[in-house]
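Structure file model36.cif; described as mmCIF, C-alpha atoms.
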```cif
data_coords
#
loop_
_atom_site.group_PDB
_atom_site.id
_atom_site.type_symbol
_atom_site.label_atom_id
_atom_site.label_comp_id
_atom_site.auth_asym_id
_atom_site.auth_seq_id
_atom_site.Cartn_x
_atom_site.Cartn_y
_atom_site.Cartn_z
ATOM 1 C CA TRP A 1 59.110 -83.285 23.908
ATOM 2 C CA ARG A 2 55.702 -84.427 22.790
ATOM 3 C CA ARG A 3 54.065 -82.264 20.301
ATOM 4 C CA ARG A 4 50.373 -81.557 20.635
ATOM 5 C CA SER A 5 48.315 -80.407 17.772
ATOM 6 C CA MET A 6 46.142 -77.497 18.636
ATOM 7 C CA THR A 7 42.615 -77.386 17.283
ATOM 8 C CA PRO A 8 41.113 -73.930 16.943
ATOM 9 C CA VAL A 9 38.360 -73.295 19.498
ATOM 10 C CA SER A 10 35.749 -72.627 16.773
ATOM 11 C CA SER A 11 36.440 -76.032 15.118
ATOM 12 C CA ALA A 12 36.152 -77.816 18.460
ATOM 13 C CA ILE A 13 32.787 -76.137 19.085
ATOM 14 C CA GLN A 14 31.531 -77.082 15.602
ATOM 15 C CA ASN A 15 32.619 -80.710 16.098
ATOM 16 C CA GLU A 16 30.812 -80.829 19.450
ATOM 17 C CA GLN A 17 27.637 -79.355 17.891
ATOM 18 C CA VAL A 18 27.726 -81.909 15.073
ATOM 19 C CA SER A 19 28.204 -84.766 17.551
ATOM 20 C CA THR A 20 25.291 -83.494 19.650
ATOM 21 C CA ALA A 21 23.021 -83.203 16.584
ATOM 22 C CA ILE A 22 23.891 -86.751 15.468
ATOM 23 C CA ALA A 23 23.210 -88.103 18.954
ATOM 24 C CA LYS A 24 19.810 -86.349 19.110
ATOM 25 C CA ALA A 25 18.819 -87.619 15.652
ATOM 26 C CA SER A 26 19.862 -91.154 16.552
ATOM 27 C CA LEU A 27 17.862 -91.023 19.788
ATOM 28 C CA ALA A 28 14.769 -89.720 17.953
ATOM 29 C CA SER A 29 15.071 -92.477 15.337
ATOM 30 C CA LEU A 30 15.430 -95.135 18.006
ATOM 31 C CA ALA A 31 12.404 -93.787 19.922
ATOM 32 C CA SER A 32 10.298 -93.817 16.731
ATOM 33 C CA LEU A 33 11.345 -97.378 15.948
ATOM 34 C CA VAL A 34 10.518 -98.587 19.479
ATOM 35 C CA LEU A 35 7.149 -96.776 19.352
ATOM 36 C CA ALA A 36 6.331 -98.350 15.983
ATOM 37 C CA VAL A 37 7.153 -101.848 17.249
ATOM 38 C CA VAL A 38 5.427 -101.516 20.638
ATOM 39 C CA ASN A 39 2.330 -99.636 19.460
ATOM 40 C CA PRO A 40 2.005 -99.172 15.672
ATOM 41 C CA THR A 41 -1.145 -97.048 16.017
ATOM 42 C CA ALA A 42 0.615 -94.571 18.307
ATOM 43 C CA ALA A 43 3.430 -94.217 15.780
ATOM 44 C CA LEU A 44 0.914 -92.683 13.363
ATOM 45 C CA ALA A 45 0.663 -89.642 15.642
ATOM 46 C CA VAL A 46 4.162 -88.513 14.721
ATOM 47 C CA GLY A 47 3.557 -87.894 11.043
ATOM 48 C CA PRO A 48 0.973 -87.743 8.320
ATOM 49 C CA VAL A 49 -1.342 -90.693 7.849
ATOM 50 C CA SER A 50 -1.656 -92.041 4.299
ATOM 51 C CA VAL A 51 -5.098 -93.397 3.411
ATOM 52 C CA PRO A 52 -5.371 -95.397 0.174
ATOM 53 C CA PHE A 53 -8.611 -95.222 -1.817
ATOM 54 C CA GLU A 54 -10.257 -98.401 -3.092
ATOM 55 C CA ASN A 55 -13.363 -99.027 -5.209
ATOM 56 C CA VAL A 56 -13.230 -95.533 -6.752
ATOM 57 C CA ARG A 57 -16.304 -94.440 -8.719
ATOM 58 C CA TYR A 58 -17.472 -91.121 -10.102
ATOM 59 C CA GLU A 59 -20.498 -89.222 -11.363
ATOM 60 C CA GLU A 60 -21.085 -85.824 -12.899
ATOM 61 C CA VAL A 61 -22.722 -83.339 -10.529
ATOM 62 C CA ALA A 62 -24.006 -79.796 -10.977
ATOM 63 C CA CYS A 63 -21.315 -77.124 -10.720
ATOM 64 C CA GLU A 64 -21.774 -74.044 -8.586
ATOM 65 C CA LYS A 65 -22.273 -70.864 -10.593
ATOM 66 C CA GLY A 66 -18.952 -69.376 -11.716
ATOM 67 C CA THR A 67 -16.944 -72.624 -11.450
ATOM 68 C CA MET A 68 -13.955 -72.787 -13.806
ATOM 69 C CA SER A 69 -11.544 -75.581 -14.614
ATOM 70 C CA SER A 70 -7.785 -75.253 -14.907
ATOM 71 C CA VAL A 71 -5.056 -77.776 -15.733
ATOM 72 C CA GLY A 72 -1.420 -76.783 -16.104
ATOM 73 C CA GLY A 73 -2.254 -73.097 -15.680
ATOM 74 C CA SER A 74 -4.687 -72.808 -18.607
ATOM 75 C CA ILE A 75 -8.356 -72.180 -17.961
ATOM 76 C CA ASN A 76 -10.903 -74.085 -20.048
ATOM 77 C CA LEU A 77 -13.562 -71.479 -20.828
ATOM 78 C CA LYS A 78 -14.671 -72.467 -24.335
ATOM 79 C CA ALA A 79 -14.976 -76.175 -23.628
ATOM 80 C CA GLY A 80 -17.329 -75.684 -20.696
ATOM 81 C CA VAL A 81 -16.814 -77.073 -17.242
ATOM 82 C CA ALA A 82 -17.829 -80.385 -15.727
ATOM 83 C CA CYS A 83 -17.867 -81.070 -11.983
ATOM 84 C CA VAL A 84 -17.220 -84.688 -11.133
ATOM 85 C CA LYS A 85 -17.832 -86.203 -7.720
ATOM 86 C CA PHE A 86 -15.501 -89.077 -6.856
ATOM 87 C CA THR A 87 -16.492 -91.521 -4.114
ATOM 88 C CA ALA A 88 -14.136 -94.159 -2.742
ATOM 89 C CA LYS A 89 -13.655 -96.562 0.110
ATOM 90 C CA ALA A 90 -10.968 -95.085 2.388
ATOM 91 C CA VAL A 91 -8.949 -97.370 4.632
ATOM 92 C CA ASN A 92 -7.622 -95.163 7.454
ATOM 93 C CA PRO A 93 -5.124 -97.207 9.504
ATOM 94 C CA SER A 94 -5.487 -94.788 12.411
ATOM 95 C CA SER A 95 -8.245 -95.103 14.966
ATOM 96 C CA LYS A 96 -8.620 -91.301 14.846
ATOM 97 C CA ALA A 97 -10.222 -89.211 12.111
ATOM 98 C CA LEU A 98 -8.155 -87.139 9.721
ATOM 99 C CA ASN A 99 -9.573 -83.644 9.383
ATOM 100 C CA ASN A 100 -9.156 -81.588 6.225
ATOM 101 C CA ALA A 101 -7.165 -84.366 4.518
ATOM 102 C CA ASP A 102 -5.388 -83.603 1.245
ATOM 103 C CA VAL A 103 -6.196 -85.786 -1.777
ATOM 104 C CA TYR A 104 -3.332 -86.749 -4.086
ATOM 105 C CA GLY A 105 -3.199 -88.714 -7.303
ATOM 106 C CA ARG A 106 -3.634 -88.281 -11.015
ATOM 107 C CA VAL A 107 -6.786 -88.356 -13.132
ATOM 108 C CA TYR A 108 -6.825 -88.740 -16.927
ATOM 109 C CA ASP A 109 -9.524 -88.575 -19.587
ATOM 110 C CA ASP A 110 -10.128 -91.480 -21.964
ATOM 111 C CA ALA A 111 -7.573 -90.097 -24.452
ATOM 112 C CA GLY A 112 -4.879 -90.131 -21.734
ATOM 113 C CA SER A 113 -4.788 -86.349 -21.281
ATOM 114 C CA ALA A 114 -4.390 -85.071 -17.732
ATOM 115 C CA VAL A 115 -7.492 -83.843 -15.947
ATOM 116 C CA THR A 116 -5.338 -82.895 -12.958
ATOM 117 C CA ASP A 117 -1.960 -81.193 -13.058
ATOM 118 C CA VAL A 118 0.643 -83.936 -13.521
ATOM 119 C CA ALA A 119 3.734 -81.710 -13.587
ATOM 120 C CA GLU A 120 4.114 -82.175 -9.824
ATOM 121 C CA ASN A 121 2.578 -84.291 -7.105
ATOM 122 C CA ASN A 122 0.099 -81.569 -6.146
ATOM 123 C CA ARG A 123 -2.929 -81.781 -3.919
ATOM 124 C CA ILE A 124 -5.956 -82.169 -6.191
ATOM 125 C CA ALA A 125 -8.770 -81.904 -3.632
ATOM 126 C CA TYR A 126 -9.703 -82.004 0.055
ATOM 127 C CA VAL A 127 -11.762 -84.398 2.115
ATOM 128 C CA ASP A 128 -13.255 -82.701 5.189
ATOM 129 C CA ALA A 129 -12.997 -85.806 7.380
ATOM 130 C CA VAL A 130 -11.723 -89.352 6.979
ATOM 131 C CA PRO A 131 -12.975 -91.404 9.961
ATOM 132 C CA GLY A 132 -10.712 -94.035 11.501
ATOM 133 C CA GLY A 133 -11.081 -97.478 9.930
ATOM 134 C CA THR A 134 -12.939 -98.101 6.668
ATOM 135 C CA SER A 135 -15.444 -95.563 5.332
ATOM 136 C CA ASP A 136 -16.688 -93.917 2.144
ATOM 137 C CA VAL A 137 -15.325 -90.465 1.310
ATOM 138 C CA SER A 138 -15.992 -88.132 -1.598
ATOM 139 C CA PHE A 139 -14.481 -85.094 -3.266
ATOM 140 C CA VAL A 140 -15.239 -83.035 -6.376
ATOM 141 C CA LEU A 141 -12.890 -82.236 -9.264
ATOM 142 C CA THR A 142 -13.542 -79.754 -12.040
ATOM 143 C CA MET A 143 -12.450 -80.444 -15.596
ATOM 144 C CA GLY A 144 -13.220 -79.454 -19.141
ATOM 145 C CA LYS A 145 -16.609 -80.804 -20.231
ATOM 146 C CA ASN A 146 -14.944 -82.219 -23.368
ATOM 147 C CA GLN A 147 -12.621 -84.333 -21.185
ATOM 148 C CA LEU A 148 -15.538 -85.906 -19.344
ATOM 149 C CA ASP A 149 -17.500 -86.430 -22.562
ATOM 150 C CA ALA A 150 -14.506 -88.154 -24.255
ATOM 151 C CA GLY A 151 -15.189 -91.399 -22.370
ATOM 152 C CA PRO A 152 -14.385 -93.073 -19.069
ATOM 153 C CA LEU A 153 -11.948 -91.363 -16.699
ATOM 154 C CA HIS A 154 -8.860 -93.179 -15.432
ATOM 155 C CA TRP A 155 -6.842 -92.513 -12.276
ATOM 156 C CA GLN A 156 -3.608 -93.428 -10.623
ATOM 157 C CA GLY A 157 -2.584 -93.393 -6.948
ATOM 158 C CA LEU A 158 -5.638 -91.702 -5.458
ATOM 159 C CA LYS A 159 -5.184 -91.369 -1.702
ATOM 160 C CA ALA A 160 -5.710 -88.977 1.178
ATOM 161 C CA SER A 161 -2.991 -87.752 3.491
ATOM 162 C CA GLY A 162 -3.378 -85.792 6.676
ATOM 163 C CA PHE A 163 -2.948 -85.543 10.409
ATOM 164 C CA THR A 164 -5.205 -86.591 13.228
ATOM 165 C CA GLY A 165 -6.410 -83.752 15.405
ATOM 166 C CA LYS A 166 -8.258 -80.511 14.984
ATOM 167 C CA ILE A 167 -8.256 -78.120 12.054
ATOM 168 C CA LEU A 168 -6.318 -74.975 12.833
ATOM 169 C CA PRO A 169 -7.912 -71.533 12.362
ATOM 170 C CA GLY A 170 -7.575 -70.433 8.748
ATOM 171 C CA GLN A 171 -7.395 -73.948 7.279
ATOM 172 C CA THR A 172 -10.061 -74.668 4.732
ATOM 173 C CA GLY A 173 -12.344 -77.576 4.001
ATOM 174 C CA SER A 174 -13.434 -79.251 0.783
ATOM 175 C CA THR A 175 -14.726 -76.006 -0.749
ATOM 176 C CA GLY A 176 -11.357 -74.316 -0.347
ATOM 177 C CA LEU A 177 -13.111 -71.385 1.335
ATOM 178 C CA LEU A 178 -13.279 -70.165 4.910
ATOM 179 C CA GLY A 179 -16.621 -70.638 6.642
ATOM 180 C CA GLU A 180 -18.699 -67.600 7.592
ATOM 181 C CA ASN A 181 -17.673 -67.907 11.233
ATOM 182 C CA GLU A 182 -13.944 -68.062 10.305
ATOM 183 C CA CYS A 183 -13.710 -64.746 8.481
ATOM 184 C CA ASP A 184 -12.267 -62.960 11.514
ATOM 185 C CA LEU A 185 -9.495 -65.559 11.730
ATOM 186 C CA ALA A 186 -8.300 -65.067 8.159
ATOM 187 C CA PRO A 187 -5.033 -63.113 7.770
ATOM 188 C CA ASP A 188 -5.416 -59.673 6.230
#
```
For the file at hand, write its structure as structure tokens.
Amino acid sequence: WRRRSMTPVSSAIQNEQVSTAIAKASLASLASLVLAVVNPTAALAVGPVSVPFENVRYEEVACEKGTMSSVGGSINLKAGVACVKFTAKAVNPSSKALNNADVYGRVYDDAGSAVTDVAENNRIAYVDAVPGGTSDVSFVLTMGKNQLDAGPLHWQGLKASGFTGKILPGQTGSTGLLGENECDLAPD
């Protein structure tokens, strides 16, 4: 007599599902690799495009009435608020524009104190559009007036990240607000 080991039906189904999932993941990875080798620009369509900023410069600009500054959850009311416009050369490796791109990085005052929240890698601003290729982009950060007055600002890792294609209804631009014609699209 030969003895056969019996595998419960539920275990056999789970093993088959795992094998199928591994095969699908392997096929997707292989397809992405082939796409990246054959046409690197087309490979950008599958995920977010990272756009490094070069030649970053800044200037103080007038704040809109009611603008407040907040870092790490505390609002700087007594110190006053400064609005600072950053301009940089963006090098978008895609031939298509990124719409409503998120800006990441860290900004510090001259004393080394954070102007942006450094607890996590949070989005610090938006850029409405980053054209394909090399272009200038700008965004505005708010900070305590005392931080700007302390001396030159310093930054680390400023870049934009986003997807090519259209902005979906309800997404916002650089102001963080919906446009007048988008109010009906906003969720209640």
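Restricting the calculation to all atoms listed in the file, the smallest distance between Phe53 of chain A and any of A:Asp136, A:Asp102, A:Asp128, A:Asp117 is found for A:Asp136.
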| message | Between atom CA of Lys145 of chain A and atom CA of Thr87 of chain A, what distance in Å does the model show, to one decimal? | response |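 It comes out at 19.4 Å.
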| note | What separates atom CA of Ser94 of chain A and atom CA of Thr116 of chain A is a distance of 28.0 Å
| Just how far from atom CA of Tyr58 of chain A is atom CA of Val140 of chain A, in Å to one decimal? |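 We find that atom CA of Val140 of chain A and atom CA of Tyr58 of chain A lie 9.2 Å from each other.
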| task | Could you list the residues chosen by the PyMOL selection byres ((chain A and resi 158) around 8) in this structure as a ChimeraX atom specification? | result | /A:52-53,103-106,155-157,159-160
Can you pull out the residues contacting Glu54 of chain A? Cut-off 8 Å, using only C-alpha atoms, and skip same-chain residues under 4 positions away; I want them as a PDB file with C-alpha atoms, keeping the file's coordinate frame.
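What landed in around.pdb:
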```pdb
ATOM      1  CA  ALA A  88     -14.136 -94.159  -2.742  1.00  0.00           C
ATOM      2  CA  LYS A  89     -13.655 -96.562   0.110  1.00  0.00           C
ATOM      3  CA  ALA A  90     -10.968 -95.085   2.388  1.00  0.00           C
ATOM      4  CA  VAL A  91      -8.949 -97.370   4.632  1.00  0.00           C
TER       5      VAL A  91
END
```
| said: When the PyMOL selection byres ((chain A and resi 147) around 12) is applied to the structure above, which residues does it catch, written out as a PyMOL selection string? | reply: chain A and resi 60+69+71+76+79-84+107-116+142-146+148-154
| field | Residue nearest Phe86 of chain A - candidates A:Phe139, A:Glu64, A:Pro48, A:Ile124, atoms counted: all atoms listed in the file | value |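 Using all atoms listed in the file, Phe86 of chain A sits closest to A:Phe139.
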| Looking at all atoms listed in the file, which of A:Lys85, A:Arg57, A:Lys96, A:Lys65 is the one that sits closest to Gly133 of chain A? | A:Lys96
| field | Residue nearest Pro131 of chain A among A:Cys63, A:Val56, A:Asn92, A:Val49 (counting all atoms listed in the file) | value |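 Ranking A:Cys63, A:Val56, A:Asn92, A:Val49 by distance to Pro131 of chain A, first place goes to A:Asn92.
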| Option closest in space to Ala62 of chain A, from A:Leu98, A:Thr134, A:Ala129, A:Leu141 [counting all atoms listed in the file] |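 The answer is A:Leu141, which sits nearest to Ala62 of chain A.
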